[in-house]
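J.: Dumping the structure here so I can ask a few things about it.
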Amino acid sequence: MDGTPLLERTLASLPEDFQVVVVGSVRDVDLPVIFTREDPPGGGPAAAMIAGVRRALAESADVIVVLPADAPLAGQAARTLLNRLEDGLSTLAVVGVDAHGREQPLQLALRPAGAEALLTAAGPGGAAGVSARRLLDALRPGLVTQELAPAELWDIDTADQLLVWQLRSSAAVLSIMDVIADRQAAASGAPVVVAIDGPSCAGKSILATALALRPGAAVVEGDDFYRRTLPRLAAAEREAMSDAAVVDAVIDWERLRAEALLPLRARESARFQPYDWDADDGRLAPPKMIPPADVIIVEGVYAARPELADLVDVAVYLGVDHQVRARRYAERGNDPEWQRFWERGEAHYFRAIRPAASFHIRLDDQDLRNVGGA
C-alpha cells in the first residue's frame with residue numbers, strides 16, 4: 001500500500017514493547033521479529049494461528065494477541081483487545097466481533113491458559129485444515145467478545161479491497177460524508193439514508209463499502225431485492241416489455257422499502273430474505289439481518305427511484321465511461337441478450353425518471369479509479 005508492504009505497516013502500528021512473532025516465510029523487515037511457520041506450510045489460518053501461539057508461549061508471554069498482517073488497522077484492534085483482556089481478571093480470552101456478532105478468530109487476545117487450551121484443541125495435526133472459528137470452542141466459557149470497528153476488521157486480499165481502503169479517505173467519500181454530517185445535524189437523531197445509484201459496472205458497491213468503513217454505517221444491497229418473477233420470463237416476454245416496464249421489472253422496490261428501509265429508518269433491525277443468486281431461479285435465500293445504524297447506505301441501480309424519495313436523505317449518482325463499462329461487462333461474461341435488456345431499462349431510468357442532474361451528489365468512476373493510482 002503506497003509502496004509499503006502491509007506487514008511493515010502492521011508492525012509499525014504495534015506498541016514498541018510488544019515482542020512480535022510473524023507466521024510466514026522469512027523476509028527483510030525494519031523491526032526485530034521472530035519468524036516461524038505452520039506445519040505443513042500453507043495449512044491454513046488456524047494452523048498459522050496455532051504455530052504463532054505455540055512460539056509465543058515458548059517466549060514466556062504473559063498475554064498473546066493474534067492479529068492478521070494484511071489488515072491495516074490490526075495493530076489498533078490489538079490494543080483494544082488487549083485492554084479488554086486486562087480489564088477482566090477472570091477472562092480467558094477476548095475475540096473481536098463485527099456488528100453482526102460474527103467472531104473473527106484471527107483477532108484474539110489470550111492469557112497463557114487460553115493459549116494452552118488452543119494448543120490442546122489443535123491436536124497433533126496443529127489445526128491444519130481446521131476451521132479457526134471451531135478452535136474458539138476450546139476457550140468457552142471463558143471467552144468474551146469485543147466489537148471492533150469495520151475499518152479495524154478490514155483486510156486486503158484483492159485489488160478491489162485495496163481500492164475500498166484507499167477510497168475511505170478520498171475526496172469522493174469525504175464529499176459524501178460532509179453532506180451526511182449536514183443531514184445528521186438537521187435530523188434530530190434519526191438515521192441518514194444514502195442511496196448510491198448509477199449505471200451497471202460503475203463501482204457502486206465499492207463506493208458503498210468504502211463509506212461503510214466509517215463507524216456507524218450499514219449497507220443494504222439493492223441486488224438482494226431482485227424481483228423473483230424476472231427469471232421466469234421468456235425471452236419473447238422480455239422483448240415485448242416497454243423500457244418503462246423493464247425499470248419496474250428488475251428490483252422489488254416495494255419489498256426494499258417495507259422490509260429494509262422503513263425499519264432501519266425507525267432504528268430497528270431489518271430482517272428479510274435476499275434473492276438467491278446461487279439458484280437464480282426466483283427462490284429466496286435464508287433470512288438476512290442488518291442492525292440499526294446511524295448511516296444507512298442502499299446501493300444499486302434504481303436505489304434512488306422516486307418511490308423511495310421520502311426515505312432517502314442523500315442521493316449519489318456514480319457515472320461510468322462507456323468504454324470502461326463495456327470492458328467490465330465483458331469481464332463479467334454477461335449474456336448479451338440479458339445485457340441489452342438491462343441497458344434498455346437503465347437508459348430509460350436515467351433519461352426519463354432519474355436524470356443525473358436530479359441527484360444531490362454526482363461522481364464519476366474516474367473519481368474512484370484515480371485513488372492511489374488504482
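Labeling convention for the C-alpha cells: chains A, B, ... as they appear, residues from 1 per chain, ligands from 1 in order of appearance.
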Run DSSP on the backbone of this structure and report the residues of region 155-260 of chain A it assigns to strand (DSSP E), as a PyMOL selection string.
T.: chain A and resi 192-197+217-221
J.: Just write the chosen residues, C-alpha atoms, as a PDB file, in the first residue's frame.
T.:
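Output saved as again.pdb:
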```
ATOM      1  CA  VAL A 192     -29.446   9.261   7.474  1.00  0.00           C
ATOM      2  CA  VAL A 193     -30.192   7.164   4.376  1.00  0.00           C
ATOM      3  CA  VAL A 194     -27.808   7.450   1.431  1.00  0.00           C
ATOM      4  CA  ALA A 195     -28.740   5.982  -1.960  1.00  0.00           C
ATOM      5  CA  ILE A 196     -25.820   5.220  -4.305  1.00  0.00           C
ATOM      6  CA  ASP A 197     -27.263   4.829  -7.778  1.00  0.00           C
ATOM      7  CA  ALA A 217     -22.803   2.714   8.883  1.00  0.00           C
ATOM      8  CA  ALA A 218     -24.617  -0.256   7.330  1.00  0.00           C
ATOM      9  CA  VAL A 219     -25.126  -1.276   3.699  1.00  0.00           C
ATOM     10  CA  VAL A 220     -28.319  -2.508   2.045  1.00  0.00           C
ATOM     11  CA  GLU A 221     -27.577  -4.220  -1.282  1.00  0.00           C
TER      12      GLU A 221
END
```
J.: Using only C-alpha atoms, which residues sit within 12 Å of Ile64 (chain A) once same-chain residues fewer than 5 positions away are excluded, as a PyMOL selection string?
T.: chain A and resi 18-21+49-50+52-59+78-79+81-82+85-86+92-95+106-116+118
J.: Would you export the selected residues with N, CA and C atoms as an mmCIF file, in the first residue's frame, please?
T.:
```
data_model
loop_
_atom_site.group_PDB
_atom_site.id
_atom_site.type_symbol
_atom_site.label_atom_id
_atom_site.label_comp_id
_atom_site.auth_asym_id
_atom_site.auth_seq_id
_atom_site.Cartn_x
_atom_site.Cartn_y
_atom_site.Cartn_z
ATOM 1 N N PHE A 18 5.964 -4.646 22.493
ATOM 2 C CA PHE A 18 5.478 -5.952 22.059
ATOM 3 C C PHE A 18 6.635 -6.779 21.493
ATOM 4 N N GLN A 19 6.688 -8.034 21.880
ATOM 5 C CA GLN A 19 7.571 -8.980 21.204
ATOM 6 C C GLN A 19 6.742 -9.633 20.102
ATOM 7 N N VAL A 20 7.227 -9.604 18.884
ATOM 8 C CA VAL A 20 6.402 -9.972 17.737
ATOM 9 C C VAL A 20 6.867 -11.281 17.114
ATOM 10 N N VAL A 21 5.909 -12.180 16.903
ATOM 11 C CA VAL A 21 6.127 -13.417 16.159
ATOM 12 C C VAL A 21 5.369 -13.299 14.841
ATOM 13 N N MET A 49 -2.269 -19.679 13.147
ATOM 14 C CA MET A 49 -2.513 -19.140 14.479
ATOM 15 C C MET A 49 -1.894 -20.034 15.549
ATOM 16 N N ILE A 50 -2.086 -21.333 15.408
ATOM 17 C CA ILE A 50 -1.540 -22.267 16.395
ATOM 18 C C ILE A 50 -0.008 -22.208 16.408
ATOM 19 N N GLY A 52 1.884 -19.666 15.676
ATOM 20 C CA GLY A 52 2.296 -18.431 16.329
ATOM 21 C C GLY A 52 2.091 -18.477 17.828
ATOM 22 N N VAL A 53 0.949 -19.021 18.267
ATOM 23 C CA VAL A 53 0.667 -19.122 19.704
ATOM 24 C C VAL A 53 1.683 -20.043 20.384
ATOM 25 N N ARG A 54 2.013 -21.143 19.725
ATOM 26 C CA ARG A 54 2.994 -22.079 20.305
ATOM 27 C C ARG A 54 4.346 -21.387 20.495
ATOM 28 N N ARG A 55 4.768 -20.633 19.486
ATOM 29 C CA ARG A 55 6.057 -19.951 19.598
ATOM 30 C C ARG A 55 6.000 -18.840 20.655
ATOM 31 N N ALA A 56 4.873 -18.156 20.742
ATOM 32 C CA ALA A 56 4.728 -17.098 21.746
ATOM 33 C C ALA A 56 4.812 -17.674 23.158
ATOM 34 N N LEU A 57 4.193 -18.820 23.378
ATOM 35 C CA LEU A 57 4.277 -19.461 24.696
ATOM 36 C C LEU A 57 5.716 -19.855 25.022
ATOM 37 N N ALA A 58 6.453 -20.262 24.008
ATOM 38 C CA ALA A 58 7.856 -20.615 24.226
ATOM 39 C C ALA A 58 8.683 -19.408 24.650
ATOM 40 N N GLU A 59 8.195 -18.211 24.341
ATOM 41 C CA GLU A 59 8.882 -16.977 24.734
ATOM 42 C C GLU A 59 8.415 -16.477 26.100
ATOM 43 N N ALA A 78 -5.594 -4.689 18.050
ATOM 44 C CA ALA A 78 -4.869 -5.482 19.034
ATOM 45 C C ALA A 78 -4.828 -4.771 20.388
ATOM 46 N N ARG A 79 -4.631 -3.460 20.361
ATOM 47 C CA ARG A 79 -4.627 -2.701 21.618
ATOM 48 C C ARG A 79 -5.999 -2.777 22.297
ATOM 49 N N LEU A 81 -8.287 -5.158 22.043
ATOM 50 C CA LEU A 81 -8.492 -6.498 22.596
ATOM 51 C C LEU A 81 -7.663 -6.702 23.856
ATOM 52 N N LEU A 82 -6.436 -6.216 23.833
ATOM 53 C CA LEU A 82 -5.559 -6.377 24.990
ATOM 54 C C LEU A 82 -6.109 -5.618 26.194
ATOM 55 N N LEU A 85 -8.953 -7.549 27.674
ATOM 56 C CA LEU A 85 -8.480 -8.728 28.395
ATOM 57 C C LEU A 85 -7.952 -8.337 29.768
ATOM 58 N N GLU A 86 -7.196 -7.260 29.839
ATOM 59 C CA GLU A 86 -6.600 -6.849 31.107
ATOM 60 C C GLU A 86 -7.647 -6.301 32.070
ATOM 61 N N LEU A 92 -10.551 -15.525 30.058
ATOM 62 C CA LEU A 92 -9.521 -16.378 29.469
ATOM 63 C C LEU A 92 -9.039 -15.829 28.132
ATOM 64 N N ALA A 93 -9.964 -15.253 27.368
ATOM 65 C CA ALA A 93 -9.621 -14.750 26.039
ATOM 66 C C ALA A 93 -10.679 -13.743 25.587
ATOM 67 N N VAL A 94 -10.287 -12.878 24.663
ATOM 68 C CA VAL A 94 -11.191 -11.898 24.060
ATOM 69 C C VAL A 94 -11.077 -12.035 22.549
ATOM 70 N N VAL A 95 -12.205 -12.177 21.877
ATOM 71 C CA VAL A 95 -12.201 -12.281 20.417
ATOM 72 C C VAL A 95 -12.944 -11.089 19.828
ATOM 73 N N LEU A 106 -8.935 -14.557 14.081
ATOM 74 C CA LEU A 106 -7.565 -14.080 13.906
ATOM 75 C C LEU A 106 -7.354 -12.721 14.561
ATOM 76 N N GLN A 107 -8.358 -12.238 15.286
ATOM 77 C CA GLN A 107 -8.209 -11.035 16.105
ATOM 78 C C GLN A 107 -8.621 -11.435 17.508
ATOM 79 N N LEU A 108 -7.605 -11.823 18.287
ATOM 80 C CA LEU A 108 -7.824 -12.577 19.512
ATOM 81 C C LEU A 108 -6.755 -12.214 20.539
ATOM 82 N N ALA A 109 -7.158 -12.025 21.798
ATOM 83 C CA ALA A 109 -6.220 -11.811 22.906
ATOM 84 C C ALA A 109 -6.373 -12.958 23.890
ATOM 85 N N LEU A 110 -5.250 -13.510 24.341
ATOM 86 C CA LEU A 110 -5.256 -14.733 25.138
ATOM 87 C C LEU A 110 -4.388 -14.599 26.384
ATOM 88 N N ARG A 111 -4.856 -15.171 27.482
ATOM 89 C CA ARG A 111 -3.974 -15.448 28.608
ATOM 90 C C ARG A 111 -3.266 -16.781 28.326
ATOM 91 N N PRO A 112 -2.153 -17.047 29.009
ATOM 92 C CA PRO A 112 -1.435 -18.301 28.736
ATOM 93 C C PRO A 112 -2.315 -19.546 28.854
ATOM 94 N N ALA A 113 -3.239 -19.558 29.822
ATOM 95 C CA ALA A 113 -4.113 -20.729 29.968
ATOM 96 C C ALA A 113 -5.006 -20.888 28.737
ATOM 97 N N GLY A 114 -5.434 -19.783 28.188
ATOM 98 C CA GLY A 114 -6.221 -19.858 26.965
ATOM 99 C C GLY A 114 -5.394 -20.351 25.797
ATOM 100 N N ALA A 115 -4.145 -19.898 25.726
ATOM 101 C CA ALA A 115 -3.259 -20.358 24.658
ATOM 102 C C ALA A 115 -3.032 -21.859 24.756
ATOM 103 N N GLU A 116 -2.846 -22.356 25.970
ATOM 104 C CA GLU A 116 -2.651 -23.800 26.166
ATOM 105 C C GLU A 116 -3.895 -24.573 25.738
ATOM 106 N N LEU A 118 -5.980 -23.726 23.419
ATOM 107 C CA LEU A 118 -5.990 -23.750 21.955
ATOM 108 C C LEU A 118 -5.054 -24.828 21.424
#
```
J.: Set the distance at 10 Å and use only C-alpha atoms: which residues neighbour Thr80 (chain A) once local chain neighbours fewer than 6 positions away are removed? I'd like the list as a list in words.
T.: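 Result of the neighbour search: Ala74, Val94, Gly96, Ala109, Gln146, Glu147 and Leu148 of chain A.
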J.: With only C-alpha atoms as the atoms that count, which of A:Ala352, A:Ala172, A:Ala208, A:Ala61 lies nearest to Asp364 (chain A)?
T.: A:Ala172
J.: Name the residues of region 85-222 of chain A that come out as alpha helix (DSSP H) in a backbone DSSP run; write them as JSON, numbers by chain.
T.: {"A": [85, 86, 87, 112, 113, 114, 115, 116, 117, 118, 119, 120, 121, 122, 132, 133, 134, 135, 150, 151, 152, 153, 159, 160, 161, 162, 163, 164, 165, 166, 167, 171, 172, 173, 174, 175, 176, 177, 178, 179, 180, 181, 182, 183, 184, 185, 186, 204, 205, 206, 207, 208, 209, 210, 211, 212]}
J.: Export, as a compact mmCIF listing (two decimals), in the first residue's frame, the selected residues with C-alpha atoms.
T.:
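The resulting again.txt:
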```txt
# COMPACT_ATOMS: atom_id res chain seq x y z
CA LEU A 85 -8.48 -8.73 28.39
CA GLU A 86 -6.60 -6.85 31.11
CA ASP A 87 -9.86 -5.34 32.41
CA PRO A 112 -1.44 -18.30 28.74
CA ALA A 113 -4.11 -20.73 29.97
CA GLY A 114 -6.22 -19.86 26.96
CA ALA A 115 -3.26 -20.36 24.66
CA GLU A 116 -2.65 -23.80 26.17
CA ALA A 117 -6.31 -24.70 25.63
CA LEU A 118 -5.99 -23.75 21.96
CA LEU A 119 -2.90 -25.92 21.51
CA THR A 120 -4.66 -28.87 23.13
CA ALA A 121 -7.68 -28.40 20.84
CA ALA A 122 -5.41 -28.23 17.79
CA ALA A 132 -10.24 -21.28 13.09
CA ARG A 133 -13.71 -20.46 14.45
CA ARG A 134 -14.15 -24.03 15.61
CA LEU A 135 -10.97 -23.77 17.66
CA PRO A 150 -15.43 -2.07 10.44
CA ALA A 151 -12.13 -0.42 9.49
CA GLU A 152 -10.31 -2.40 12.18
CA LEU A 153 -11.65 -5.63 10.68
CA ALA A 159 -7.24 -5.13 -5.80
CA ASP A 160 -10.86 -4.16 -5.08
CA GLN A 161 -10.30 -4.43 -1.33
CA LEU A 162 -7.25 -2.20 -1.65
CA LEU A 163 -9.30 0.30 -3.65
CA VAL A 164 -12.01 0.29 -0.96
CA TRP A 165 -9.41 1.06 1.69
CA GLN A 166 -7.90 3.90 -0.32
CA LEU A 167 -11.33 5.34 -1.08
CA ALA A 171 -12.23 13.30 -1.80
CA ALA A 172 -15.22 11.37 -3.18
CA VAL A 173 -16.04 9.72 0.15
CA LEU A 174 -15.30 12.87 2.15
CA SER A 175 -17.67 14.89 -0.06
CA ILE A 176 -20.46 12.43 0.73
CA MET A 177 -19.56 12.43 4.44
CA ASP A 178 -19.81 16.22 4.52
CA VAL A 179 -23.37 16.08 3.18
CA ILE A 180 -24.22 13.27 5.62
CA ALA A 181 -22.92 15.38 8.51
CA ASP A 182 -25.16 18.26 7.44
CA ARG A 183 -28.17 15.94 7.27
CA GLN A 184 -27.34 14.44 10.68
CA ALA A 185 -27.19 17.88 12.24
CA ALA A 186 -30.72 18.54 10.99
CA LYS A 204 -21.34 1.45 -6.64
CA SER A 205 -20.70 -1.47 -4.30
CA ILE A 206 -17.05 -0.44 -3.91
CA LEU A 207 -18.03 3.13 -3.06
CA ALA A 208 -20.70 1.91 -0.63
CA THR A 209 -18.24 -0.41 1.11
CA ALA A 210 -15.72 2.41 1.46
CA LEU A 211 -18.38 4.59 3.08
CA ALA A 212 -19.38 1.73 5.38
```
J.: Any chance you could tabulate, as a tab-separated table, the residues of region 109-209 of chain A at most 10 Å from region 267-289 of chain A with each one's nearest atom pair and distance in Å to one decimal, using only C-alpha atoms, in chain and rising number order?
T.:
```
residue	atom	partner	partner_atom	distance
A:Gly189	CA	A:Arg267	CA	9.9
A:Ala190	CA	A:Arg267	CA	7.7
A:Pro191	CA	A:Arg267	CA	7.1
```
J.: Store the residues picked out above, limited to C-alpha atoms, as a JSON list (two decimals), in the first residue's frame.
T.:
```json
[["chain", "number", "residue", "atom", "x", "y", "z"],
["A", 189, "GLY", "CA", -31.09, 11.79, 15.91],
["A", 190, "ALA", "CA", -32.76, 9.98, 13.03],
["A", 191, "PRO", "CA", -30.52, 7.82, 10.80]]
```
J.: Show which residues sit within 10 Å of Phe350 (chain A), as a list of chain:residue names. Count only C-alpha atoms, and ignore same-chain residues fewer than 4 positions away.
T.: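 Using only C-alpha atoms, the neighbours found are A:Asp197, A:Gly198, A:Pro199, A:Val301, A:Tyr302, A:Arg305, A:Tyr317, A:Gly345, A:Glu346, A:Arg354, A:Pro355, A:Ala356, A:Ala357, A:Ser358.
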J.: Write to file, as a JSON list (two decimals), in the first residue's frame, the residues of the selection just made, with C-alpha atoms.
T.:
```
[["chain", "number", "residue", "atom", "x", "y", "z"],
["A", 197, "ASP", "CA", -27.26, 4.83, -7.78],
["A", 198, "GLY", "CA", -25.85, 4.75, -11.28],
["A", 199, "PRO", "CA", -25.36, 2.50, -14.30],
["A", 301, "VAL", "CA", -29.23, 0.61, -9.86],
["A", 302, "TYR", "CA", -32.68, 2.06, -9.04],
["A", 305, "ARG", "CA", -36.04, 5.78, -7.62],
["A", 317, "TYR", "CA", -25.08, 9.32, -8.76],
["A", 345, "GLY", "CA", -34.21, -0.18, -18.51],
["A", 346, "GLU", "CA", -31.20, 1.74, -17.21],
["A", 354, "ARG", "CA", -33.89, 9.88, -12.50],
["A", 355, "PRO", "CA", -31.52, 12.04, -14.59],
["A", 356, "ALA", "CA", -28.05, 12.55, -13.18],
["A", 357, "ALA", "CA", -28.80, 16.24, -12.62],
["A", 358, "SER", "CA", -31.52, 15.32, -10.11]]
```
J.: Return the single residue from A:Val26, A:Ala12, A:Ala187, A:Leu261 that is closest to Glu307 (chain A), with distances computed using only C-alpha atoms.
T.: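 Once distances to Glu307 (chain A) are computed over only C-alpha atoms, the minimum belongs to A:Leu261.
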J.: Would you work out the distance separating CA of Pro45 (chain A) from CA of His100 (chain A), expressed in Å to one decimal?
T.: 21.6 Å
J.: Identify which of the residues A:Ala260, A:Arg325, A:Asp367, A:Phe341 lies closest to Met241 (chain A), counting only C-alpha atoms when measuring atom-to-atom distances.
T.: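 Nearest to Met241 (chain A): A:Phe341.
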